[in-house]
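Reviewing the structure listed below.
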Amino acid sequence: MSQSTLFVLLESQNERKTENLVRKHFEKYDPEIKIEEQMSDSPRIQKLLRSASKSGTGIGKPDFIIQFNDKPDFIAVIECKPDIQRHESSTRDQYADYAVDGALLYASYLSVDFDVLAIGASGMTKESLKVSHFLQLKGDKNAELKFSNDLLPPQDYINGYINDNRKYKNDYESLLAFAKSLNKQLHANRVSESNRSLLISAILIALERESFKQSYKAEKDSAQLSLQIINTVKAQLQDSGIHQDRLDVLVDKFNFLIHETMLKRKEGELSRIIEAVDTEVNSFRQNHEYRDVLSDLYIEFLQYANSDKGLGIVLTPPHITSFFAKLAQVNRNSIVYDNCVGTGGFLIAAMKEMIEDAAGDSEIENRIKQSHIYGVEVQSNIYPLVVSNMYINQDGKSNVLLGDCFSPEIIEEVKTKNPNIGLLNPPYQSKSTDPEELKFVKNNLDCLQVGGVCVAIVPMQSALSIRGKIGELKQSILKDHTLEAVLSMPDELFFNSKVSTVTCIMVFTAHKPQPPAKQVFLGYYKNDRFKKNKVKGRFDSDNKWEEVEKEWISCYVNRTEKQGLSVNVELDYTCEWAAEKYMETDYSVLADKQFKHTLLNYSTYLFGNQLKSFVSQKPSKEITSSIPLNTEEWELFKIPDLFTICGTKTTPIEDLEYSGSGEYPYVTTQSTNNGVKGFFGIKTEDAGVLTMDSAVCGYCSYQALSFSASDHVEKLIPQFEMDIYVAMFFVTIFNMEQYRYNYGRKCSQTKLKEAEIRLPVGSTGEPDYNFMREYISHLAYSSNLEPDKDN
């Protein structure tokens, strides 16, 4: 026997030791998994491994293939090596020689049709065994490192797989794709938007009953199947112990199924819808428990409606309902109350936190579901939806009341439950006769135990107003309760629901009056890192939300002040409750690039509107080194001490059209083209001033020409000699302040008169205008500020 042959034989024998360690570990779980070696009985797996050989040609033969009996689309593939030096190569492409490399090769083939856990194992003893895990999802070219460096029980692998962010994202996108398809199908069948939600609710409840699940396909008559759904729902809810009066309301609402003629007309249509819901929605629910799935479907179903107001509610995005539960520090001992329950998103998110804190104790879990979740819904058309949602999320006894949360009877009943956590998204005012949002907040607080925590999301106006009914409500609330925090939310948070309201989250402690000089935490939580596209709407495209949420929660819990994110301020009912007013702008980030951007935009405006024949990147003055800004030495100045702040005369567009084209710019609230929307023959304002958009974001521009203006354009007239160079400096500074303003907090004259900006200061204590002029003149594009030589 040659030396090389002997080496191969010893290597093979040693590898058997590694395989024996792996085999011994997994054999303990034989009822849960199927273990195969080298080959598989599964035609799906056989097909995928047909050309997966490590040599590049032929059949791939992994050391182990593990199929999880409860997860047929999830498999594990394992490669073993006796020498831990052969565990993983630096390039991961030495397939025959390294355990990890080989496992990842097989995973790349199998992931065409499976979610695959690639496991590389090396070492010949239990103590020296080295293990690496990589999860590669179906259709994904990337495998990510997962789990610890030990072999784990199958259930741990399944839990890690289900809870993987990428897996959740894939499943969620599949759910939304199904929702779109189902929505079109129901729309084609002329099922109304609100009834589509009820239909899916009824189907999901009926599918909880095994006898229905086994028999519905056999029923060919759609009318009979509709009756079967209604009767099954009634039986299920009766078994859950729901009160008869509430049951009667629910059954009455579900009776619409009897009259859906289009579903009856198409043979087998209702049965096909039930099967699709069972396959797509229930599979998602099984993988991702305590998720407000119905809200996701409701939002899609409203695609053909004007807005969520088709249901009479505004649905809170799922990542925010979960954020609420964490803000309130919900745990197994919490008793949660939502007095504007809607579809139940907050209650489900809270239940998820409570169940996780129960740590598998079934007795505690049962108590949570039976007596720790309470809600009130006033709209009878919404009530069946929330009851359905709570039911399918395993809340065995629905404690959602149908009625008015302001009713004394309801208030007294809720108080007997001793809630210590309040979560709510109240109805937003659409007319003056509607109750103010803070009325619902106060109602919730009044029902909580002493020291309870209330978290509410309300329009920004509720935080900003200091007069009128809102001012009175703020005073009334702080007389009995303590404001702990106000968090400004992303402007387009409700984009998917086609609602444009800018909102904030308020956090209160119940039945502890606001102490004097109370420091309130204010968060500028505007960037949740979500992005938008036409198909998915607003979503966590880069999987950044978990990281953002962790930072937001940490700052709130620890009352941490972070530049550009949070600040602590003494507040009472006479103040604006918004970080935008009190945060100090981070001038340390100022550099040449921000000022160059202003100059480039202005140069583009000049050239694009033929105010200059050509533009250049050259500065007005050449220098060999940049001029330092030294922003740490700048001082604060009040805007009214520098500028006279006033409005402009609004010029109707009809007057402009009548005057025809001309030489005077028409300044509007747009934040492009220097705010200018055309040139006309009318002027109402003098040149040499700054203009500010007071309708949207406080965009600032300099007007070198006399002009006319639209509504919501404010004018800043300098109280000093301001040439165009100094003006460009001020435009840059003012536009750094845009974060303070939005549709909810507009850049009004009042707010401008209260504001301060930092500026370089001269020897006299006044702003250093000479420095501003000199600094701008040495920047690229500043030569464009000079008139053309032939003018």
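By convention in this document, the chains of the structure tokens carry letters A, B, ... by their order, each chain's residues are numbered from 1, and ligands are numbered from 1 in the order they are shown.
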
May I have the residues within 8 Å of Ser706 (chain A) as an mmCIF file with C-alpha atoms, in the first residue's frame, using only C-alpha atoms and disregarding those fewer than 6 positions away in the same chain?
```cif
data_model
loop_
_atom_site.group_PDB
_atom_site.id
_atom_site.type_symbol
_atom_site.label_atom_id
_atom_site.label_comp_id
_atom_site.auth_asym_id
_atom_site.auth_seq_id
_atom_site.Cartn_x
_atom_site.Cartn_y
_atom_site.Cartn_z
ATOM 1 C CA TYR A 664 -40.467 89.353 -12.659
ATOM 2 C CA PRO A 665 -40.224 85.946 -10.910
ATOM 3 C CA LYS A 683 -44.233 92.727 -9.288
ATOM 4 C CA THR A 684 -45.500 93.289 -5.757
ATOM 5 C CA GLU A 685 -42.317 92.923 -3.701
ATOM 6 C CA ASP A 686 -38.940 94.662 -3.768
ATOM 7 C CA ALA A 687 -35.677 92.896 -4.589
ATOM 8 C CA GLY A 688 -32.828 92.091 -2.193
#
```

Test item: residues at most 6 Å from region 514-524 of chain A, only C-alpha atoms, excluding those fewer than 6 positions along its chain, as a ChimeraX atom specification: /A:478,481-482,484-488,565-570,579

With N, CA and C atoms retained, write the just-selected residues as a short mmCIF file (atom, residue, chain, number, x, y, z; two decimals), in the first residue's frame.
```cif
data_model
loop_
_atom_site.label_atom_id
_atom_site.label_comp_id
_atom_site.auth_asym_id
_atom_site.auth_seq_id
_atom_site.Cartn_x
_atom_site.Cartn_y
_atom_site.Cartn_z
N LEU A 478 -52.43 67.53 32.24
CA LEU A 478 -51.26 67.68 33.13
C LEU A 478 -51.66 67.98 34.57
N HIS A 481 -52.09 64.07 35.31
CA HIS A 481 -51.15 63.08 34.78
C HIS A 481 -49.83 63.74 34.39
N THR A 482 -48.81 62.93 34.17
CA THR A 482 -47.47 63.46 33.86
C THR A 482 -47.08 63.13 32.42
N GLU A 484 -44.32 62.34 29.97
CA GLU A 484 -42.96 61.81 30.06
C GLU A 484 -42.15 62.06 28.78
N ALA A 485 -42.80 61.95 27.63
CA ALA A 485 -42.05 62.07 26.37
C ALA A 485 -42.99 62.42 25.23
N VAL A 486 -42.43 63.11 24.22
CA VAL A 486 -43.11 63.33 22.95
C VAL A 486 -42.10 63.04 21.85
N LEU A 487 -42.48 62.16 20.93
CA LEU A 487 -41.57 61.69 19.89
C LEU A 487 -42.14 62.06 18.53
N SER A 488 -41.45 62.91 17.79
CA SER A 488 -41.89 63.31 16.45
C SER A 488 -41.67 62.16 15.48
N LEU A 565 -31.17 64.15 17.54
CA LEU A 565 -32.10 63.05 17.82
C LEU A 565 -32.99 63.30 19.03
N SER A 566 -32.45 63.88 20.10
CA SER A 566 -33.25 64.00 21.32
C SER A 566 -32.74 65.10 22.22
N VAL A 567 -33.66 65.59 23.07
CA VAL A 567 -33.33 66.66 24.01
C VAL A 567 -34.31 66.57 25.18
N ASN A 568 -33.89 66.98 26.36
CA ASN A 568 -34.77 67.04 27.53
C ASN A 568 -35.08 68.51 27.83
N VAL A 569 -36.36 68.81 28.00
CA VAL A 569 -36.79 70.20 28.16
C VAL A 569 -37.87 70.30 29.24
N GLU A 570 -37.81 71.39 30.03
CA GLU A 570 -38.89 71.67 30.98
C GLU A 570 -40.12 72.14 30.21
N ALA A 579 -39.70 68.28 19.71
CA ALA A 579 -38.24 68.42 19.69
C ALA A 579 -37.79 69.46 18.68
#
```

Selected residue, from A:Leu642, A:Tyr556, A:Tyr775, A:Gln38, that lies nearest to Lys753 (chain A) when counting only C-alpha atoms: A:Leu642

Distance in Å - CA of Leu656 (chain A) versus CA of Ile682 (chain A):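 Separation between CA of Leu656 (chain A) and CA of Ile682 (chain A): 6.8 Å.
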
Which residue of A:Ile355, A:Val761, A:Leu270, A:Val191 approaches Lys220 (chain A) most closely, using only C-alpha atoms: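 The answer is A:Leu270, which sits nearest to Lys220 (chain A).
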
Computed interatomic separation between CA of Pro419 (chain A) and CA of Ile335 (chain A) (Å):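 Distance between the two atoms: 4.6 Å.
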
DSSP alpha helix (DSSP H) residues within region 19-55 of chain A, as a list of chain:residue names: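 The alpha helix (DSSP H) residues within region 19-55 of chain A come out as A:Glu19, A:Asn20, A:Leu21, A:Val22, A:Arg23, A:Lys24, A:His25, A:Phe26, A:Glu27, A:Pro43, A:Arg44, A:Ile45, A:Gln46, A:Lys47, A:Leu48, A:Leu49.
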
Skipping near chain neighbours, those fewer than 2 positions away, what residues fall within 6 Å of region 710-716 of chain A using only C-alpha atoms, listed as an mmCIF file with N, CA, C and O atoms, in the first residue's frame?
```cif
data_model
loop_
_atom_site.group_PDB
_atom_site.id
_atom_site.type_symbol
_atom_site.label_atom_id
_atom_site.label_comp_id
_atom_site.auth_asym_id
_atom_site.auth_seq_id
_atom_site.Cartn_x
_atom_site.Cartn_y
_atom_site.Cartn_z
ATOM 1 N N PHE A 643 -33.531 90.646 10.773
ATOM 2 C CA PHE A 643 -34.452 90.797 9.648
ATOM 3 C C PHE A 643 -35.816 91.269 10.139
ATOM 4 O O PHE A 643 -36.255 90.897 11.240
ATOM 5 N N THR A 644 -36.488 92.027 9.321
ATOM 6 C CA THR A 644 -37.900 92.324 9.533
ATOM 7 C C THR A 644 -38.699 91.217 8.859
ATOM 8 O O THR A 644 -38.561 90.980 7.648
ATOM 9 N N ILE A 645 -39.506 90.533 9.654
ATOM 10 C CA ILE A 645 -40.238 89.367 9.154
ATOM 11 C C ILE A 645 -41.671 89.777 8.840
ATOM 12 O O ILE A 645 -42.393 90.290 9.710
ATOM 13 N N CYS A 646 -42.089 89.567 7.618
ATOM 14 C CA CYS A 646 -43.454 89.927 7.243
ATOM 15 C C CYS A 646 -43.920 89.043 6.091
ATOM 16 O O CYS A 646 -43.129 88.308 5.505
ATOM 17 N N GLY A 647 -45.178 89.128 5.772
ATOM 18 C CA GLY A 647 -45.728 88.344 4.676
ATOM 19 C C GLY A 647 -45.584 89.068 3.348
ATOM 20 O O GLY A 647 -45.182 90.236 3.283
ATOM 21 N N THR A 648 -45.909 88.356 2.296
ATOM 22 C CA THR A 648 -45.948 88.952 0.959
ATOM 23 C C THR A 648 -47.393 89.055 0.518
ATOM 24 O O THR A 648 -48.270 88.372 1.052
ATOM 25 N N THR A 650 -50.302 88.122 -1.725
ATOM 26 C CA THR A 650 -50.626 86.970 -2.569
ATOM 27 C C THR A 650 -51.175 87.441 -3.915
ATOM 28 O O THR A 650 -52.135 88.213 -3.960
ATOM 29 N N THR A 651 -50.545 86.958 -4.982
ATOM 30 C CA THR A 651 -50.984 87.307 -6.330
ATOM 31 C C THR A 651 -51.705 86.115 -6.937
ATOM 32 O O THR A 651 -51.104 85.049 -7.097
ATOM 33 N N THR A 668 -43.016 80.911 -5.152
ATOM 34 C CA THR A 668 -44.027 80.027 -4.559
ATOM 35 C C THR A 668 -43.409 79.245 -3.407
ATOM 36 O O THR A 668 -42.286 79.529 -2.974
ATOM 37 N N VAL A 689 -34.239 90.597 -0.895
ATOM 38 C CA VAL A 689 -34.750 89.999 0.342
ATOM 39 C C VAL A 689 -34.638 88.473 0.285
ATOM 40 O O VAL A 689 -34.460 87.890 -0.780
ATOM 41 N N LEU A 690 -34.769 87.856 1.448
ATOM 42 C CA LEU A 690 -34.891 86.395 1.520
ATOM 43 C C LEU A 690 -36.377 86.049 1.575
ATOM 44 O O LEU A 690 -37.174 86.778 2.186
ATOM 45 N N THR A 691 -36.752 84.940 0.951
ATOM 46 C CA THR A 691 -38.124 84.443 1.058
ATOM 47 C C THR A 691 -38.109 83.082 1.724
ATOM 48 O O THR A 691 -37.152 82.307 1.575
ATOM 49 N N MET A 692 -39.174 82.801 2.455
ATOM 50 C CA MET A 692 -39.295 81.524 3.177
ATOM 51 C C MET A 692 -40.648 80.906 2.871
ATOM 52 O O MET A 692 -41.681 81.589 2.911
ATOM 53 N N ASP A 693 -40.633 79.610 2.571
ATOM 54 C CA ASP A 693 -41.867 78.850 2.397
ATOM 55 C C ASP A 693 -42.450 78.565 3.770
ATOM 56 O O ASP A 693 -41.810 77.904 4.592
ATOM 57 N N SER A 694 -43.652 79.047 4.030
ATOM 58 C CA SER A 694 -44.275 78.815 5.335
ATOM 59 C C SER A 694 -45.344 77.729 5.284
ATOM 60 O O SER A 694 -46.063 77.519 6.263
ATOM 61 N N ALA A 695 -45.470 77.042 4.146
ATOM 62 C CA ALA A 695 -46.516 76.021 4.009
ATOM 63 C C ALA A 695 -45.992 74.621 4.258
ATOM 64 O O ALA A 695 -46.721 73.747 4.711
#
```

Within 9 Å of Met351 (chain A) using only C-alpha atoms, minus same-chain residues under 2 positions, as a PyMOL selection string: chain A and resi 290+325+330-332+336+346-349+353-356+368-369+372-373+395

Atom-to-atom span, CA of Arg23 (chain A) and CA of Ser89 (chain A), Å: 24.1 Å

Tyr587 (chain A) surroundings by only C-alpha atoms, 8 Å radius, close-in-sequence under 3 positions cut, as number ranges by chain: A: 590, 631-632, 758

Would you mind exporting the chosen residues as a CSV table (one decimal), in the first residue's frame, restricted to all heavy atoms?
```
chain,number,residue,atom,x,y,z
A,590,LEU,N,-21.3,71.7,9.3
A,590,LEU,CA,-21.2,72.6,8.2
A,590,LEU,C,-19.8,72.6,7.6
A,590,LEU,O,-18.8,72.6,8.3
A,590,LEU,CB,-21.4,74.0,8.7
A,590,LEU,CG,-22.8,74.7,8.5
A,590,LEU,CD1,-22.8,76.1,9.1
A,590,LEU,CD2,-23.2,74.7,7.1
A,631,THR,N,-17.0,76.9,13.5
A,631,THR,CA,-18.4,77.1,14.0
A,631,THR,C,-18.5,77.0,15.5
A,631,THR,O,-19.5,77.5,16.0
A,631,THR,CB,-19.3,76.0,13.4
A,631,THR,OG1,-18.7,74.7,13.7
A,631,THR,CG2,-19.4,76.1,11.8
A,632,GLU,N,-17.5,76.4,16.2
A,632,GLU,CA,-17.6,76.4,17.6
A,632,GLU,C,-17.5,77.7,18.2
A,632,GLU,O,-17.9,77.9,19.4
A,632,GLU,CB,-16.5,75.4,18.2
A,632,GLU,CG,-15.1,75.9,18.0
A,632,GLU,CD,-14.5,75.6,16.6
A,632,GLU,OE1,-15.2,75.1,15.8
A,632,GLU,OE2,-13.3,76.0,16.4
A,758,ARG,N,-27.1,80.4,14.5
A,758,ARG,CA,-25.7,80.7,14.9
A,758,ARG,C,-25.0,81.3,13.7
A,758,ARG,O,-25.2,80.9,12.5
A,758,ARG,CB,-25.0,79.4,15.3
A,758,ARG,CG,-25.4,79.0,16.7
A,758,ARG,CD,-24.4,77.9,17.3
A,758,ARG,NE,-24.8,77.5,18.6
A,758,ARG,CZ,-24.5,78.2,19.7
A,758,ARG,NH1,-23.8,79.3,19.7
A,758,ARG,NH2,-25.0,77.8,20.9
```

Residue contacts of Ile410 (chain A) (12 Å, only C-alpha atoms) excluding same-chain residues fewer than 4 positions away, as a list in words: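 Contacts, in chain order: Asn339, Tyr374, Gly375, Val376, Glu377, Val378, Val400, Leu401, Leu402, Gly403, Asp404, Cys405, Phe406, Val414, Lys415, Thr416, Lys417, Asn443, Asn444 and Cys447 of chain A.
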
Emit the selected residues as a compact mmCIF listing (two decimals), in the first residue's frame, including all heavy atoms.
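Saved file part-v8.txt follows:
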```txt
# COMPACT_ATOMS: atom_id res chain seq x y z
N ASN A 339 -58.66 52.11 24.01
CA ASN A 339 -60.04 52.61 23.96
C ASN A 339 -60.47 53.01 22.55
O ASN A 339 -61.61 53.44 22.37
CB ASN A 339 -60.22 53.79 24.92
CG ASN A 339 -59.22 54.91 24.68
OD1 ASN A 339 -58.10 54.67 24.28
ND2 ASN A 339 -59.63 56.13 24.96
N TYR A 374 -57.65 44.25 26.83
CA TYR A 374 -58.98 44.86 26.79
C TYR A 374 -59.02 45.98 25.74
O TYR A 374 -58.02 46.66 25.50
CB TYR A 374 -59.36 45.43 28.17
CG TYR A 374 -59.49 44.36 29.21
CD1 TYR A 374 -58.40 44.02 30.02
CD2 TYR A 374 -60.68 43.66 29.37
CE1 TYR A 374 -58.50 43.00 30.96
CE2 TYR A 374 -60.78 42.64 30.31
CZ TYR A 374 -59.70 42.32 31.10
OH TYR A 374 -59.80 41.31 32.02
N GLY A 375 -60.19 46.12 25.14
CA GLY A 375 -60.34 47.16 24.14
C GLY A 375 -61.80 47.59 24.01
O GLY A 375 -62.71 46.88 24.43
N VAL A 376 -61.99 48.75 23.40
CA VAL A 376 -63.33 49.27 23.12
C VAL A 376 -63.36 49.77 21.68
O VAL A 376 -62.43 50.45 21.23
CB VAL A 376 -63.70 50.44 24.06
CG1 VAL A 376 -65.02 51.07 23.64
CG2 VAL A 376 -63.79 49.95 25.51
N GLU A 377 -64.41 49.40 20.95
CA GLU A 377 -64.60 49.89 19.59
C GLU A 377 -66.04 50.37 19.44
O GLU A 377 -66.97 49.63 19.76
CB GLU A 377 -64.30 48.80 18.56
CG GLU A 377 -64.52 49.21 17.12
CD GLU A 377 -63.83 50.51 16.76
OE1 GLU A 377 -62.61 50.63 17.02
OE2 GLU A 377 -64.51 51.41 16.23
N VAL A 378 -66.19 51.59 18.94
CA VAL A 378 -67.52 52.18 18.85
C VAL A 378 -68.23 51.84 17.55
O VAL A 378 -69.46 51.82 17.50
CB VAL A 378 -67.43 53.72 19.03
CG1 VAL A 378 -66.75 54.37 17.82
CG2 VAL A 378 -68.80 54.33 19.29
N VAL A 400 -63.01 42.61 23.98
CA VAL A 400 -63.23 43.86 23.25
C VAL A 400 -64.70 44.22 23.35
O VAL A 400 -65.57 43.45 22.93
CB VAL A 400 -62.80 43.73 21.78
CG1 VAL A 400 -63.07 45.05 21.04
CG2 VAL A 400 -61.32 43.37 21.68
N LEU A 401 -64.98 45.40 23.90
CA LEU A 401 -66.35 45.84 24.10
C LEU A 401 -66.82 46.66 22.90
O LEU A 401 -66.05 47.43 22.32
CB LEU A 401 -66.46 46.71 25.36
CG LEU A 401 -65.91 46.11 26.66
CD1 LEU A 401 -66.03 47.12 27.79
CD2 LEU A 401 -66.66 44.82 27.00
N LEU A 402 -68.09 46.51 22.56
CA LEU A 402 -68.69 47.32 21.52
C LEU A 402 -69.43 48.46 22.20
O LEU A 402 -70.39 48.25 22.93
CB LEU A 402 -69.67 46.49 20.68
CG LEU A 402 -70.47 47.26 19.62
CD1 LEU A 402 -69.55 47.89 18.58
CD2 LEU A 402 -71.48 46.33 18.94
N GLY A 403 -68.93 49.68 21.98
CA GLY A 403 -69.57 50.83 22.61
C GLY A 403 -68.69 52.06 22.56
O GLY A 403 -67.63 52.06 21.95
N ASP A 404 -69.15 53.10 23.24
CA ASP A 404 -68.47 54.39 23.27
C ASP A 404 -67.54 54.44 24.48
O ASP A 404 -67.99 54.26 25.62
CB ASP A 404 -69.53 55.49 23.37
CG ASP A 404 -68.93 56.89 23.33
OD1 ASP A 404 -67.70 57.02 23.31
OD2 ASP A 404 -69.72 57.86 23.32
N CYS A 405 -66.26 54.69 24.25
CA CYS A 405 -65.30 54.69 25.36
C CYS A 405 -65.57 55.80 26.36
O CYS A 405 -65.08 55.75 27.50
CB CYS A 405 -63.87 54.80 24.83
SG CYS A 405 -63.48 56.36 24.02
N PHE A 406 -66.37 56.82 25.97
CA PHE A 406 -66.71 57.91 26.89
C PHE A 406 -67.96 57.60 27.73
O PHE A 406 -68.32 58.37 28.61
CB PHE A 406 -66.94 59.21 26.12
CG PHE A 406 -65.71 59.70 25.40
CD1 PHE A 406 -65.60 59.57 24.02
CD2 PHE A 406 -64.65 60.25 26.09
CE1 PHE A 406 -64.48 60.01 23.35
CE2 PHE A 406 -63.51 60.70 25.43
CZ PHE A 406 -63.42 60.57 24.05
N VAL A 414 -64.27 49.05 32.42
CA VAL A 414 -62.84 48.97 32.14
C VAL A 414 -62.02 49.12 33.42
O VAL A 414 -61.04 48.39 33.64
CB VAL A 414 -62.42 50.03 31.09
CG1 VAL A 414 -60.90 50.10 30.97
CG2 VAL A 414 -63.04 49.71 29.74
N LYS A 415 -62.42 50.05 34.27
CA LYS A 415 -61.67 50.28 35.52
C LYS A 415 -61.63 49.04 36.41
O LYS A 415 -60.65 48.83 37.15
CB LYS A 415 -62.27 51.45 36.28
CG LYS A 415 -61.92 52.81 35.70
CD LYS A 415 -62.51 53.94 36.54
CE LYS A 415 -62.08 55.31 36.03
NZ LYS A 415 -62.66 56.41 36.85
N THR A 416 -62.67 48.20 36.34
CA THR A 416 -62.69 46.98 37.16
C THR A 416 -61.62 45.98 36.71
O THR A 416 -61.27 45.06 37.47
CB THR A 416 -64.07 46.29 37.10
OG1 THR A 416 -64.33 45.86 35.76
CG2 THR A 416 -65.17 47.23 37.57
N LYS A 417 -61.10 46.16 35.50
CA LYS A 417 -60.07 45.25 34.99
C LYS A 417 -58.67 45.68 35.42
O LYS A 417 -57.69 44.97 35.16
CB LYS A 417 -60.12 45.18 33.46
CG LYS A 417 -61.51 44.93 32.89
CD LYS A 417 -62.12 43.64 33.42
CE LYS A 417 -63.51 43.41 32.80
NZ LYS A 417 -64.17 42.21 33.36
N ASN A 443 -59.19 60.13 28.23
CA ASN A 443 -60.10 59.05 28.58
C ASN A 443 -59.33 57.77 28.91
O ASN A 443 -59.65 57.06 29.87
CB ASN A 443 -61.07 58.80 27.42
CG ASN A 443 -61.94 57.58 27.61
OD1 ASN A 443 -61.63 56.51 27.09
ND2 ASN A 443 -63.04 57.74 28.34
N ASN A 444 -58.31 57.47 28.13
CA ASN A 444 -57.50 56.29 28.37
C ASN A 444 -56.75 56.41 29.70
O ASN A 444 -56.75 55.48 30.52
CB ASN A 444 -56.52 56.09 27.22
CG ASN A 444 -55.79 54.76 27.27
OD1 ASN A 444 -54.94 54.55 28.11
ND2 ASN A 444 -56.13 53.86 26.35
N CYS A 447 -58.69 55.80 32.89
CA CYS A 447 -59.07 54.40 33.15
C CYS A 447 -57.91 53.57 33.72
O CYS A 447 -58.13 52.44 34.17
CB CYS A 447 -59.57 53.74 31.87
SG CYS A 447 -61.16 54.38 31.30
```

Members of region 745-780 of chain A assigned strand (DSSP E) by DSSP, as a VMD selection string: chain A and resid 756 to 759
